[in-house]
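K.L.:
structure-v1.json (JSON, C-alpha atoms) pasted underneath:
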```json
[["chain", "number", "residue", "atom", "x", "y", "z"],
["A", 1, "MET", "CA", 0.52, 8.05, -15.85],
["A", 2, "ASN", "CA", -2.38, 7.25, -13.54],
["A", 3, "LYS", "CA", -2.39, 8.56, -9.98],
["A", 4, "TYR", "CA", -2.71, 6.12, -7.11],
["A", 5, "LEU", "CA", -3.15, 6.54, -3.35],
["A", 6, "ILE", "CA", -0.89, 5.41, -0.53],
["A", 7, "LEU", "CA", -2.82, 5.62, 2.73],
["A", 8, "CYS", "CA", -1.01, 5.60, 6.09],
["A", 9, "VAL", "CA", -3.14, 4.96, 9.20],
["A", 10, "ASP", "CA", -1.90, 5.28, 12.78],
["A", 11, "ASP", "CA", -3.41, 6.94, 15.83],
["A", 12, "GLU", "CA", -0.04, 8.41, 16.87],
["A", 13, "ARG", "CA", 0.74, 11.62, 14.93],
["A", 14, "GLU", "CA", 4.51, 11.26, 15.47],
["A", 15, "VAL", "CA", 4.43, 7.81, 13.86],
["A", 16, "LEU", "CA", 2.44, 9.14, 10.90],
["A", 17, "ASP", "CA", 4.85, 12.04, 10.44],
["A", 18, "SER", "CA", 7.80, 9.66, 10.50],
["A", 19, "VAL", "CA", 6.20, 7.32, 7.94],
["A", 20, "LEU", "CA", 5.32, 10.26, 5.69],
["A", 21, "HIS", "CA", 8.93, 11.44, 5.91],
["A", 22, "ASP", "CA", 10.24, 7.97, 5.04],
["A", 23, "LEU", "CA", 7.97, 7.81, 1.96],
["A", 24, "SER", "CA", 8.32, 11.44, 0.86],
["A", 25, "THR", "CA", 10.35, 10.60, -2.27],
["A", 26, "LEU", "CA", 7.30, 8.72, -3.63],
["A", 27, "GLU", "CA", 5.10, 11.86, -3.56],
["A", 28, "GLU", "CA", 6.08, 12.69, -7.14],
["A", 29, "TYR", "CA", 4.34, 9.51, -8.30],
["A", 30, "PHE", "CA", 1.70, 8.76, -5.65],
["A", 31, "ILE", "CA", -0.78, 10.68, -3.56],
["A", 32, "ILE", "CA", 0.18, 10.02, 0.06],
["A", 33, "GLU", "CA", -2.46, 10.62, 2.71],
["A", 34, "ALA", "CA", -2.43, 10.13, 6.47],
["A", 35, "ALA", "CA", -5.28, 9.25, 8.81],
["A", 36, "GLU", "CA", -5.26, 9.04, 12.59],
["A", 37, "SER", "CA", -8.13, 6.53, 12.84],
["A", 38, "VAL", "CA", -9.99, 3.97, 10.78],
["A", 39, "ASP", "CA", -12.96, 6.34, 10.56],
["A", 40, "GLU", "CA", -10.72, 9.09, 9.15],
["A", 41, "ALA", "CA", -9.16, 6.58, 6.74],
["A", 42, "LYS", "CA", -12.65, 5.64, 5.50],
["A", 43, "GLU", "CA", -13.37, 9.33, 4.83],
["A", 44, "VAL", "CA", -10.12, 9.71, 2.86],
["A", 45, "LEU", "CA", -10.95, 6.57, 0.87],
["A", 46, "ALA", "CA", -14.48, 7.76, 0.12],
["A", 47, "ASP", "CA", -13.09, 11.06, -1.23],
["A", 48, "THR", "CA", -10.38, 9.45, -3.36],
["A", 49, "ILE", "CA", -12.71, 6.76, -4.71],
["A", 50, "ALA", "CA", -15.17, 9.51, -5.65],
["A", 51, "ASP", "CA", -12.27, 11.21, -7.49],
["A", 52, "HIS", "CA", -11.45, 7.89, -9.25],
["A", 53, "ILE", "CA", -8.08, 7.57, -7.51],
["A", 54, "PRO", "CA", -7.48, 3.90, -6.67],
["A", 55, "LEU", "CA", -5.87, 2.79, -3.43],
["A", 56, "ALA", "CA", -2.54, 1.17, -4.29],
["A", 57, "LEU", "CA", -1.24, 0.53, -0.77],
["A", 58, "ILE", "CA", -2.36, 0.92, 2.81],
["A", 59, "LEU", "CA", 0.11, 1.00, 5.67],
["A", 60, "CYS", "CA", -1.91, 0.46, 8.84],
["A", 61, "ASP", "CA", -1.34, 0.15, 12.58],
["A", 62, "HIS", "CA", -3.31, -2.50, 14.49],
["A", 63, "ILE", "CA", -4.26, -1.08, 17.91],
["A", 64, "MET", "CA", -6.31, 2.08, 17.45],
["A", 65, "PRO", "CA", -9.42, 3.55, 19.02],
["A", 66, "GLY", "CA", -12.56, 2.04, 17.52],
["A", 67, "GLU", "CA", -11.92, -0.48, 14.76],
["A", 68, "THR", "CA", -8.61, -2.36, 14.76],
["A", 69, "GLY", "CA", -6.21, -2.19, 11.85],
["A", 70, "ILE", "CA", -6.53, -5.90, 11.05],
["A", 71, "ASP", "CA", -10.34, -5.68, 10.95],
["A", 72, "PHE", "CA", -9.99, -2.71, 8.60],
["A", 73, "LEU", "CA", -7.56, -4.58, 6.32],
["A", 74, "ILE", "CA", -9.96, -7.53, 6.15],
["A", 75, "GLU", "CA", -12.79, -5.13, 5.31],
["A", 76, "LEU", "CA", -10.72, -3.53, 2.51],
["A", 77, "LYS", "CA", -10.04, -6.95, 0.99],
["A", 78, "GLN", "CA", -13.80, -7.55, 0.77],
["A", 79, "GLN", "CA", -14.67, -4.25, -0.96],
["A", 80, "SER", "CA", -14.54, -4.17, -4.76],
["A", 81, "GLU", "CA", -12.87, -0.71, -4.87],
["A", 82, "THR", "CA", -10.02, -1.73, -2.57],
["A", 83, "THR", "CA", -9.59, -5.48, -3.01],
["A", 84, "GLN", "CA", -6.54, -5.05, -5.28],
["A", 85, "CYS", "CA", -4.58, -2.76, -2.95],
["A", 86, "ARG", "CA", -1.49, -3.97, -1.13],
["A", 87, "ARG", "CA", -2.03, -4.19, 2.63],
["A", 88, "VAL", "CA", 0.89, -3.67, 5.04],
["A", 89, "LEU", "CA", 0.56, -3.92, 8.80],
["A", 90, "LEU", "CA", 2.99, -1.63, 10.66],
["A", 91, "THR", "CA", 2.62, -2.33, 14.35],
["A", 92, "GLY", "CA", 4.30, -3.33, 17.54],
["A", 93, "GLN", "CA", 1.19, -4.68, 19.21],
["A", 94, "ALA", "CA", -0.59, -7.18, 16.97],
["A", 95, "GLY", "CA", -0.62, -10.58, 18.57],
["A", 96, "LEU", "CA", -0.04, -13.84, 16.79],
["A", 97, "GLU", "CA", -3.77, -14.66, 16.66],
["A", 98, "GLU", "CA", -4.69, -11.35, 14.99],
["A", 99, "THR", "CA", -1.82, -11.60, 12.52],
["A", 100, "VAL", "CA", -2.76, -15.17, 11.60],
["A", 101, "GLN", "CA", -6.36, -14.01, 11.12],
["A", 102, "ALA", "CA", -5.20, -11.31, 8.70],
["A", 103, "VAL", "CA", -2.95, -13.72, 6.79],
["A", 104, "ASN", "CA", -5.63, -16.41, 6.60],
["A", 105, "ASN", "CA", -8.14, -13.92, 5.22],
["A", 106, "ALA", "CA", -5.61, -12.91, 2.53],
["A", 107, "SER", "CA", -5.85, -9.44, 3.95],
["A", 108, "LEU", "CA", -2.19, -8.88, 4.72],
["A", 109, "ASP", "CA", 0.64, -8.65, 2.19],
["A", 110, "TYR", "CA", 3.42, -7.68, 4.59],
["A", 111, "TYR", "CA", 4.05, -7.24, 8.31],
["A", 112, "ILE", "CA", 6.51, -4.65, 9.66],
["A", 113, "SER", "CA", 7.15, -4.40, 13.38],
["A", 114, "LYS", "CA", 7.74, -1.15, 15.21],
["A", 115, "PRO", "CA", 10.23, 0.37, 15.53],
["A", 116, "TRP", "CA", 11.19, 0.18, 11.87],
["A", 117, "ASP", "CA", 14.15, 1.27, 9.78],
["A", 118, "GLY", "CA", 13.16, 4.06, 7.37],
["A", 119, "ASP", "CA", 15.18, 2.73, 4.44],
["A", 120, "GLN", "CA", 13.79, -0.77, 4.94],
["A", 121, "LEU", "CA", 10.23, 0.60, 5.14],
["A", 122, "LYS", "CA", 10.72, 2.44, 1.85],
["A", 123, "GLU", "CA", 12.15, -0.71, 0.20],
["A", 124, "ILE", "CA", 9.18, -2.79, 1.36],
["A", 125, "VAL", "CA", 6.69, -0.17, 0.18],
["A", 126, "ILE", "CA", 8.41, 0.08, -3.22],
["A", 127, "ASP", "CA", 8.35, -3.70, -3.54],
["A", 128, "GLN", "CA", 4.64, -3.84, -2.69],
["A", 129, "LEU", "CA", 3.83, -0.92, -5.03],
["A", 130, "THR", "CA", 5.78, -2.60, -7.82],
["A", 131, "THR", "CA", 3.63, -5.71, -7.42],
["A", 132, "PHE", "CA", 0.48, -3.57, -7.45],
["A", 133, "ILE", "CA", 1.49, -1.63, -10.57],
["A", 134, "ILE", "CA", 2.54, -4.76, -12.50],
["A", 135, "ASP", "CA", -0.80, -6.38, -11.64],
["A", 136, "ASN", "CA", -2.99, -3.33, -12.34],
["A", 137, "GLU", "CA", -1.33, -1.00, -14.85],
["A", 138, "LYS", "CA", -1.01, -1.50, -18.61],
["A", 139, "GLU", "CA", 1.61, 1.21, -19.14],
["A", 140, "LEU", "CA", 4.54, 0.06, -17.02],
["A", 141, "MET", "CA", 7.45, 2.03, -18.48],
["A", 142, "PRO", "CA", 6.70, 5.33, -16.69],
["A", 143, "TRP", "CA", 6.85, 3.47, -13.36],
["A", 144, "ALA", "CA", 10.41, 2.22, -13.92],
["A", 145, "ARG", "CA", 11.81, 5.48, -12.50],
["A", 146, "ALA", "CA", 9.90, 5.28, -9.22],
["A", 147, "LEU", "CA", 9.64, 1.58, -8.48],
["A", 148, "ASP", "CA", 11.74, -1.59, -8.83],
["A", 149, "THR", "CA", 13.21, -1.02, -12.29],
["A", 150, "ALA", "CA", 14.38, -4.62, -12.76],
["A", 151, "ARG", "CA", 10.93, -6.05, -11.96],
["A", 152, "ILE", "CA", 9.19, -3.48, -14.18],
["A", 153, "MET", "CA", 11.52, -4.31, -17.09],
["A", 154, "GLU", "CA", 10.97, -8.03, -16.53],
["A", 155, "ALA", "CA", 7.19, -7.49, -16.60],
["A", 156, "LEU", "CA", 7.52, -5.43, -19.80],
["A", 157, "ASN", "CA", 9.52, -8.24, -21.36],
["A", 158, "LYS", "CA", 6.82, -10.76, -20.38],
["A", 159, "GLN", "CA", 4.19, -8.50, -21.94],
["A", 160, "ARG", "CA", 6.17, -8.35, -25.21],
["A", 161, "LEU", "CA", 6.66, -12.12, -25.26],
["A", 162, "ALA", "CA", 2.94, -12.68, -24.65],
["A", 163, "LEU", "CA", 2.11, -10.33, -27.56],
["A", 164, "SER", "CA", 4.54, -12.11, -29.87],
["A", 165, "ASP", "CA", 2.85, -15.45, -29.08],
["A", 166, "ILE", "CA", -0.48, -14.16, -30.39]]
```
Any chance you could give the structure as structure tokens?

P.N.:
Amino acid sequence: MNKYLILCVDDEREVLDSVLHDLSTLEEYFIIEAAESVDEAKEVLADTIADHIPLALILCDHIMPGETGIDFLIELKQQSETTQCRRVLLTGQAGLEETVQAVNNASLDYYISKPWDGDQLKEIVIDQLTTFIIDNEKELMPWARALDTARIMEALNKQRLALSDI
């Protein structure tokens, strides 16, 4: 089973700690890293890309010192190493214009407003990761334990049907 990265970016440590807690059950299957700025997130990405660990999902705040979260998500969409990752904006401060910009650039897969419900956050992340794995992984069966089992089984069935048509 390949290892993939979940990257959580927020300039408030308490928010990061809460997100990490909400996603802790996924640590058996994914590498989960936290960054308190876009610059720190870029360092984490450079290290994991160098280690051949693809970014599966980024959960990013919008208003941060330096580069904004939406600008960073747009940038990730344009880079070959990160274009396939799922991009989730977790913020209480992105305005309509910035959110529309992210959606129009196909740089946002989901928007979650703060404050969030931990169980709902985990469900959304699992749904987004399931989409990523189905789109990017050949061996789906090992992921059925960690992700949306019904969707994984449906994708496996589609794979079998496609093979039988050959």

K.L.:
For CA of His52 in chain A and CA of Leu23 in chain A, determine how far apart the two atoms are, in Å to one decimal place.

P.N.:
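These atoms are spaced 22.4 Å apart.
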
K.L.:
Could you state the separation of CA of Ile6 in chain A and CA of Ala146 in chain A in Å, given to one decimal place?

P.N.:
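Here the two named atoms are 13.9 Å from each other.
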
K.L.:
CA of Leu57 in chain A and CA of Ser24 in chain A, how far apart in Å?

P.N.:
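Atom-to-atom, CA of Ser24 in chain A to CA of Leu57 in chain A, that is 14.6 Å.
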
K.L.:
If we count only C-alpha atoms and set the cut-off at 12 Å, which residues sit around Pro65 in chain A, ignoring sequence neighbours fewer than 2 positions away in its own chain? Please answer as a PyMOL selection string.

P.N.:
chain A and resi 9-12+36-40+61-63+67-69

K.L.:
Find the spatial neighbours of Asp22 in chain A, counting all atoms listed in the file, within a cut-off of 7 Å - ignore same-chain residues fewer than 4 positions away - and output them as a list of chain:residue names.

P.N.:
A:Ser18, A:Gly118, A:Lys122

K.L.:
Which residues, written as JSON, numbers by chain, have at least one atom at most 7 Å from range 136-142 of chain A, with only C-alpha atoms counted and residues fewer than 6 positions away on the same chain left out?

P.N.:
{"A": [1, 152, 156]}

K.L.:
Could you give me the axis-aligned bounding box of range 37-42 of chain A, with 3 Å of padding per side, as centre plus edge lengths in Å to one decimal, as JSON?

P.N.:
```
{"center_x": -10.5, "center_y": 6.5, "center_z": 9.2, "size_x": 10.8, "size_y": 11.1, "size_z": 13.3}
```

K.L.:
For each of A:Glu81, A:Asp119, A:Asp71, A:Asp47, take the minimum atom-to-atom distance to His21 in chain A, counting all atoms listed in the file, then give the residue where this is smallest.

P.N.:
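Checking each of A:Glu81, A:Asp119, A:Asp71, A:Asp47 against His21 in chain A, counting all atoms listed in the file, the winner is A:Asp119.
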
K.L.:
Here is a test: counting all atoms listed in the file, which residue of A:Leu147, A:Ile32, A:Ile49, A:Ala41 is nearest to Phe72 in chain A?

P.N.:
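Looking only at the distances to Phe72 in chain A, the closest residue turns out to be A:Ala41.
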
K.L.:
For Gln128 in chain A, please output as a compact mmCIF listing (two decimals) with C-alpha atoms, in the frame of the given file all residues within 10 Å (counting only C-alpha atoms; exclusion window: fewer than 6 positions along the same chain).

P.N.:
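part-v2.txt, freshly written:
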```txt
# COMPACT_ATOMS: atom_id res chain seq x y z
CA ALA A 56 -2.54 1.17 -4.29
CA LEU A 57 -1.24 0.53 -0.77
CA CYS A 85 -4.58 -2.76 -2.95
CA ARG A 86 -1.49 -3.97 -1.13
CA ARG A 87 -2.03 -4.19 2.63
CA VAL A 88 0.89 -3.67 5.04
CA ASP A 109 0.64 -8.65 2.19
CA TYR A 110 3.42 -7.68 4.59
CA LYS A 122 10.72 2.44 1.85
CA LEU A 147 9.64 1.58 -8.48
CA ASP A 148 11.74 -1.59 -8.83
```

K.L.:
Which is closest to Cys8 in chain A among A:Ala35, A:Tyr111, A:Glu28, A:Leu129, if we use all atoms listed in the file?

P.N.:
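Under the stated criterion, the closest residue is A:Ala35.
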
K.L.:
Out of A:Leu59, A:Ile133, A:Arg145, A:Met153, which residue has the shortest atom-to-atom distance to Ile112 in chain A when counting all atoms listed in the file?

P.N.:
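The closest residue to Ile112 in chain A is A:Leu59.
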
K.L.:
Can you work out which one of A:Thr149, A:Thr48, A:Thr25, A:Thr91 has the shortest atom-to-atom distance to Thr131 in chain A, counting all atoms listed in the file?

P.N.:
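Closest to Thr131 in chain A of all the choices is A:Thr149.
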
K.L.:
Restricting the calculation to only C-alpha atoms: of A:Ser164, A:Ile134, A:Arg151, A:Val19, which residue gets closest to Gln120 in chain A?

P.N.:
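Selected residue with least distance to Gln120 in chain A: A:Val19.
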